[in-house]
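Structure record follows, encoded as structure tokens.
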Amino acid sequence: MADLCYEQQGSTAVITLNRPAKGNAINQAVRAGLFEMFDRFERSELRVAILTGAGDANFCAGMDLVEAAEMGLGVPPAGFLPILGDTVRVSKPVIAAVNGRALAGGWLFAQMCDLCVASSSATFGITEARVGRGMPWATPLIHMIPQRIAMELLLTGAPITAQRAYEVGFVNRVTAPADLMPAALELAATIATCAPLTVRAAKEALLTATEMGRSAALRSATHIFESVYRSNDAIEGPRAFREKRAPVWTGS
């Protein structure tokens, strides 16, 4: 697809928003393509995905407002946006590699990923208040960053730097611009060395816990990890450690 690229690098799928002349903004082709590409990744043998943007200026500048104006878009219909954990189910880790501005829907794309690596030149902003739009998707931020930081972001629409996003816990790592993709790929490769069933269960348990109290989350996690404990990989890991070799994960 012209507006999106999907490529494999080792055990990692790299999905690139490819509209640099339009700020990598979200149009109909991007929406449809992301649904398709995340499904492709989920069904593949690849272990980790990276979502990034083409060029140096923008990760994603948000909704294509020209297209939205032409559509007369009011309330977005159900399933309108490809949102991981909401309208798209991906059980494997997804990393955002934020190379430039991540505004509005671009913030959403960074937020929905499990991890975030950002260029030092990147900026993040929830700018909907400046154009009269809504951001219901931002409510999960209450589990990610302090309430007053989230409140300031939503009420002012003012962007923050990558360093500030790192300081408040929204970004995992900040790199020099040239080091962004190598750092994201290195993080993906590290995850890929781990037991895939454990990685998937850890993701599921943490996301489930955000909707529960402490005791319920513990009970849920115990249930989620039961199949991991009973897997062949749970035998292979200690055996490989004893034999001083790298484990051979089968995901079973």
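Naming works like this for the structure tokens: A, B, ... for the chains as they're shown, residue 1 at the start of each chain, ligands 1 onward in shown order.
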Worksheet item: Which residues in region 157-224 of chain A does DSSP call alpha helix (DSSP H)? List them as number ranges by chain.
Response: A: 162-167, 180-192, 196-209, 214-224
Item to complete: Name the residues in contact with region 180-187 of chain A at a cut-off of 7 Å, using only C-alpha atoms, excluding same-chain residues fewer than 3 positions from it; report them as a VMD selection string.
Response: chain A and resid 97 117 to 119 175 to 177 190 to 191
Worksheet item: Pick the closest to Arg47 (chain A) from A:Ile142, A:Ala201, A:Ala189, A:Leu207: which is it, counting only C-alpha atoms?
Response: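 Closest candidate: A:Ala189.
Of the listed residues A:Asn27, A:Thr208, A:Thr250, A:Thr198, the one whose atoms come nearest to Tyr229 (chain A) is A:Thr198, with distances taken using only C-alpha atoms.
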Discussion item. List as number ranges by chain the protein and nucleic acid residues near Thr123 (chain A), meaning an atom at most 12 Å away when only C-alpha atoms are counted, but skip any in the same chain fewer than 4 places from it.
Written reply: A: 56-61, 98-104, 106-107, 110, 118-119, 127, 158-166, 170-171, 174
For C-alpha atoms, I'd like the residues from the last selection saved as an mmCIF file, in the first residue's frame.
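Output file part28.cif follows:
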data_model
loop_
_atom_site.group_PDB
_atom_site.id
_atom_site.type_symbol
_atom_site.label_atom_id
_atom_site.label_comp_id
_atom_site.auth_asym_id
_atom_site.auth_seq_id
_atom_site.Cartn_x
_atom_site.Cartn_y
_atom_site.Cartn_z
ATOM 1 C CA ASP A 56 12.161 12.951 10.157
ATOM 2 C CA ALA A 57 9.437 15.531 10.796
ATOM 3 C CA ASN A 58 6.366 13.523 11.735
ATOM 4 C CA PHE A 59 5.517 10.221 13.354
ATOM 5 C CA CYS A 60 1.871 11.058 12.761
ATOM 6 C CA ALA A 61 0.299 14.526 12.782
ATOM 7 C CA VAL A 98 8.370 8.039 17.326
ATOM 8 C CA ASN A 99 10.535 9.934 14.862
ATOM 9 C CA GLY A 100 8.879 13.373 14.917
ATOM 10 C CA ARG A 101 5.615 15.023 15.880
ATOM 11 C CA ALA A 102 3.031 12.692 17.446
ATOM 12 C CA LEU A 103 -0.077 14.852 17.674
ATOM 13 C CA ALA A 104 -3.724 14.003 18.354
ATOM 14 C CA GLY A 106 -0.457 10.391 16.460
ATOM 15 C CA TRP A 107 -0.367 10.532 20.256
ATOM 16 C CA ALA A 110 2.036 6.038 20.438
ATOM 17 C CA ALA A 118 11.346 8.365 20.813
ATOM 18 C CA SER A 119 13.797 10.528 18.933
ATOM 19 C CA THR A 127 -4.275 18.889 20.329
ATOM 20 C CA ALA A 158 0.169 22.165 24.136
ATOM 21 C CA PRO A 159 2.808 19.661 23.004
ATOM 22 C CA ILE A 160 5.645 18.355 25.162
ATOM 23 C CA THR A 161 9.147 17.245 24.261
ATOM 24 C CA ALA A 162 10.305 13.654 24.080
ATOM 25 C CA GLN A 163 12.381 14.237 27.194
ATOM 26 C CA ARG A 164 9.344 15.477 29.118
ATOM 27 C CA ALA A 165 7.315 12.497 27.874
ATOM 28 C CA TYR A 166 10.100 10.264 29.182
ATOM 29 C CA PHE A 170 4.981 7.931 28.647
ATOM 30 C CA VAL A 171 8.205 7.123 26.763
ATOM 31 C CA VAL A 174 14.897 8.699 24.172
#
Item to complete: Would you list the contacts of Met112 (chain A) as a PyMOL selection string, taking every protein, DNA or RNA residue within 9 Å and counting only C-alpha atoms, but skipping same-chain residues closer than 5 positions in sequence?
Response: chain A and resi 83-85+94+96+107
Worksheet entry | Interatomic distance (Å, one decimal) between CA of Leu4 (chain A) and CA of Asp39 (chain A) |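 Rounded to one decimal, the two atoms are 14.2 Å apart.
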Mind running region 118-214 of chain A against region 218-223 of chain A at 10 Å and telling me each contacting residue's nearest atom pair with the distance in Å (one decimal), counting only C-alpha atoms, chain and number ascending, as JSON lines?
{"residue": "A:Ala201", "atom": "CA", "partner": "A:Ala221", "partner_atom": "CA", "distance": 8.2}
{"residue": "A:Ala202", "atom": "CA", "partner": "A:Ala221", "partner_atom": "CA", "distance": 8.3}
{"residue": "A:Glu204", "atom": "CA", "partner": "A:Ala221", "partner_atom": "CA", "distance": 8.4}
{"residue": "A:Ala205", "atom": "CA", "partner": "A:Ala221", "partner_atom": "CA", "distance": 5.2}
{"residue": "A:Leu206", "atom": "CA", "partner": "A:Ala221", "partner_atom": "CA", "distance": 8.2}
{"residue": "A:Thr208", "atom": "CA", "partner": "A:Ser220", "partner_atom": "CA", "distance": 7.8}
{"residue": "A:Ala209", "atom": "CA", "partner": "A:Ser220", "partner_atom": "CA", "distance": 7.9}
{"residue": "A:Met212", "atom": "CA", "partner": "A:Ser220", "partner_atom": "CA", "distance": 9.1}
{"residue": "A:Gly213", "atom": "CA", "partner": "A:Leu218", "partner_atom": "CA", "distance": 8.7}
{"residue": "A:Arg214", "atom": "CA", "partner": "A:Leu218", "partner_atom": "CA", "distance": 6.3}
Worksheet entry | Top pick for closest residue to Gln28 (chain A), considering A:Thr210, A:Ile95, A:Arg230, A:Glu67 and counting only C-alpha atoms |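 That would be A:Glu67, the residue with the smallest distance to Gln28 (chain A).
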Worksheet item: Would you give me, as an MDAnalysis selection string, the residues in region 1-248 of chain A that DSSP reads as strand (DSSP E)?
Response: chainID A and resid 4:9 12:17 48:53 58:60 94:98 101:103 115:119 123:125 160:161 173:175
Item to complete: Tell me, as a list in words, which residues lie within 12 Å of Ala29 (chain A), counting only C-alpha atoms; anything in the same chain fewer than 2 positions away does not count.
Response: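 What passes the distance filter is Met1, Ala2, Asp3, Leu4, Cys5, Leu17, Asn18, Arg19, Asn24, Ala25, Ile26, Asn27, Arg31, Ala32, Gly33, Leu34, Phe35, Glu36, Met37, Met63, Asp64, Glu67, Phe80, Leu81 and Pro82 of chain A.
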Worksheet entry | Shortest interatomic distance to Ile50 (chain A) - which of A:Glu211, A:Asp114, A:Glu167, A:Asp179, counting only C-alpha atoms | A:Asp114
Worksheet item: What is the distance, in Å and to one decimal place, between CA of Leu197 (chain A) and CA of Gly79 (chain A)?
Response: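 It comes out at 28.3 Å.
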